[in-house]
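Some notes on the structure that comes next.
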Amino acid sequence: MEEISIKRVGVLTSGGDAPGMNAAIRAVVRAGTHHNLEVYGIRRGYQGMIEGDMVKLESTSVSGIIQKGGTVLQTARCLEFMTQEGRRKAYDQLRAFGIEAVIVIGGDGSFTGAGLMSKEYDIPFIGIPGTIDNDLYGTDYTIGFDTALNTVVNAVDKIRDTATSHGRIFFVEVMGKEAGFVALQSGIACGAEGILIPEEKGQIEKLRNYLAVRARQKKSSIILVAEGEEEGGAIPIAKKIKEEFPEFDIRTTILGHIQRGGTPSAVDRINASRMGIAAIEALLDDQKSIMVGIVNNDIVHVPLNKTTKLDKDVNRELLDIADMLI
């Protein structure tokens, strides 16, 4: 690999936190150090970039963080960065610190800002997909998704115990405002009797049919609802179903932000480490405005503008599997 002139790199986490982000930070720092680069951590995402909240990271700076959830660099949503004036302030701070390239760990909103900044100031930006939603185009996997799945499955397994004990139907809401990846895959994994996701229309009718026939025989059921489902979240859907089927004992649970926290799984640690190293290697290969992703377990490079403009669909085979297993 032919090395280029970049000597100082910034790394930040942006948007929602996700388990495994620390593993990616660690990999970026240690891979950068291996290639004789200086790596600066930018705290609080683009807000920290605008304010110059940056610190040099050594290999020892990232010791003991691979097992931690959240992000040691912290994260924040920054509307100011989406303005030209805000990006100008960020550019001035990067220049002041001598940072010549930036690695961004985040989702599509984070990558939109990275693409704009890279285009306006000709600074290499490399994205690493970090979001529990797993909804970024161009990659099979995003950091935090596997841990979130396990968190949901563990929680639903516990809820099923009480559902069975009392003969109840539980509507369990999981994260996914615009994407049903968490609901679909965790639903299959925990044997949910119903899965409602934004990508599929008419699922309420399927649920009604199930409740009219099988639920009367089964006594208890788990219905997983992505928060962005077209009929609303778990609470309004459960209320509507209770009105139609008053004979059922129906309860709701919203798992909320526990899905973002916790110790990252081995899968998240390993893949985040792979992508952190791949991001440094992409910079050394003179890449810019790309995301490093994983497709068929191989590292791939995807233009940032594709990750933000194109939609990633759920696996239709998994939808068929879910239908057959209910």
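A note on labels: chains of the structure tokens are A, B, ... as shown, every chain counts residues from 1, and ligands are counted from 1 in their shown order.
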
Tell me, as a compact mmCIF listing (two decimals) with C-alpha atoms, in the first residue's frame, which residues lie within 8 Å of Cys190 in chain A, counting only C-alpha atoms; anything in the same chain fewer than 5 positions away does not count.
```
# COMPACT_ATOMS: atom_id res chain seq x y z
CA VAL A 153 -34.20 -11.23 22.66
CA VAL A 156 -38.57 -10.67 25.31
CA ASP A 157 -37.63 -14.07 26.72
```

If we count only C-alpha atoms, what is near range 213-227 of chain A at a cut-off of 6 Å, once residues fewer than 3 positions away on the same chain are taken out, given as a ChimeraX atom specification?
/A:163-164,167-177,180,183,192-197,210,233-234

Query raised in the report: Contacts of Asp146 in chain A at 7 Å or less, counting only C-alpha atoms, minus same-chain residues fewer than 2 places along, as an NGL selection string?
Result: :A and (144 or 148-150 or 265 or 267-268)

(Q) Just to confirm, what's the straight-line distance from CA of Asp298 in chain A to CA of Pro124 in chain A in Å (one decimal)? (A)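 Separating CA of Asp298 in chain A from CA of Pro124 in chain A is a distance of 22.6 Å.
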
Checklist line | Polymer residues at most 10 Å from Thr83 in chain A, only C-alpha atoms, same-chain spacing of 4 or more positions, as a ChimeraX atom specification | finding: /A:78-79,87-88,113,116

Exercise. With only C-alpha atoms as the basis for distance, which of A:Asn209, A:Ser59, A:Thr252, A:Thr307 is at the shortest distance from Ile326 in chain A?
Worked result: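 Nearest to Ile326 in chain A: A:Asn209.
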
I need the residues in range 125-243 of chain A that are helix (DSSP H, G or I) according to DSSP; give them as a PyMOL selection string. chain A and resi 145-166+181-189+203-218+234-243

Original post:
In Å, how far is it from CA of Asp92 in chain A to CA of Leu37 in chain A?
Top reply: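 Atom-to-atom, CA of Asp92 in chain A and CA of Leu37 in chain A are spaced 20.8 Å apart.
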
Among range 123-292 of chain A, which residues does DSSP mark as strand (DSSP E) when it is run on the backbone? Keep the chain and numbering as in the structure and answer as a PyMOL selection string. chain A and resi 125-129+169-174+194-196+221-226+250-254+290-292

- Hey, which of A:Pro303, A:Gly232, A:Gly45, A:Gly191 ends up closest to Asp17 in chain A? Count only C-alpha atoms.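 Closest candidate: A:Gly45.
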
In Å and to one decimal, CA of Arg8 in chain A is distant from CA of Asp53 in chain A by 15.7 Å

For Arg30 in chain A, list every protein, DNA or RNA residue within 12 Å, evaluated using only C-alpha atoms, and leave out those in the same chain fewer than 2 positions away; present the list as a ChimeraX atom specification. /A:23-28,32-40,57-63,273-274,276-281

One residue among A:Lys240, A:Lys312, A:Arg95, A:Arg43 is nearest to Glu178 in chain A when using only C-alpha atoms, and that residue is A:Lys312

Give me the residues near Glu199 in chain A as JSON, numbers by chain, where near means some atom within 9 Å (using only C-alpha atoms) and where sequence neighbours in that chain fewer than 6 positions away do not count.
{"A": [178, 179, 180, 229, 230, 313, 314]}

Would you put the residues from that selection into a file with C-alpha atoms, as a short mmCIF file (atom, residue, chain, number, x, y, z; two decimals), in the first residue's frame?
```cif
data_model
loop_
_atom_site.label_atom_id
_atom_site.label_comp_id
_atom_site.auth_asym_id
_atom_site.auth_seq_id
_atom_site.Cartn_x
_atom_site.Cartn_y
_atom_site.Cartn_z
CA GLU A 178 -37.94 4.08 9.66
CA ALA A 179 -36.56 0.55 9.57
CA GLY A 180 -37.71 -2.80 10.92
CA GLU A 229 -44.87 1.03 12.15
CA GLU A 230 -47.52 2.71 9.98
CA ASP A 313 -34.63 -2.89 2.32
CA VAL A 314 -35.18 -5.65 4.83
#
```

Could you list, as an MDAnalysis selection string, every residue within 9 Å of Lys89 in chain A, counting only C-alpha atoms and ignoring same-chain residues fewer than 5 positions away? chainID A and resid 49:51 81 84 94

With C-alpha atoms retained, write the just-selected residues as a PDB file, in the first residue's frame.
```pdb
ATOM      1  CA  MET A  49     -15.419  19.792  15.925  1.00  0.00           C
ATOM      2  CA  ILE A  50     -17.005  23.248  15.752  1.00  0.00           C
ATOM      3  CA  GLU A  51     -15.855  24.087  19.284  1.00  0.00           C
ATOM      4  CA  PHE A  81     -22.949  21.713  11.367  1.00  0.00           C
ATOM      5  CA  GLN A  84     -22.300  26.499   5.800  1.00  0.00           C
ATOM      6  CA  LEU A  94      -9.459  21.218  11.957  1.00  0.00           C
TER       7      LEU A  94
END
```
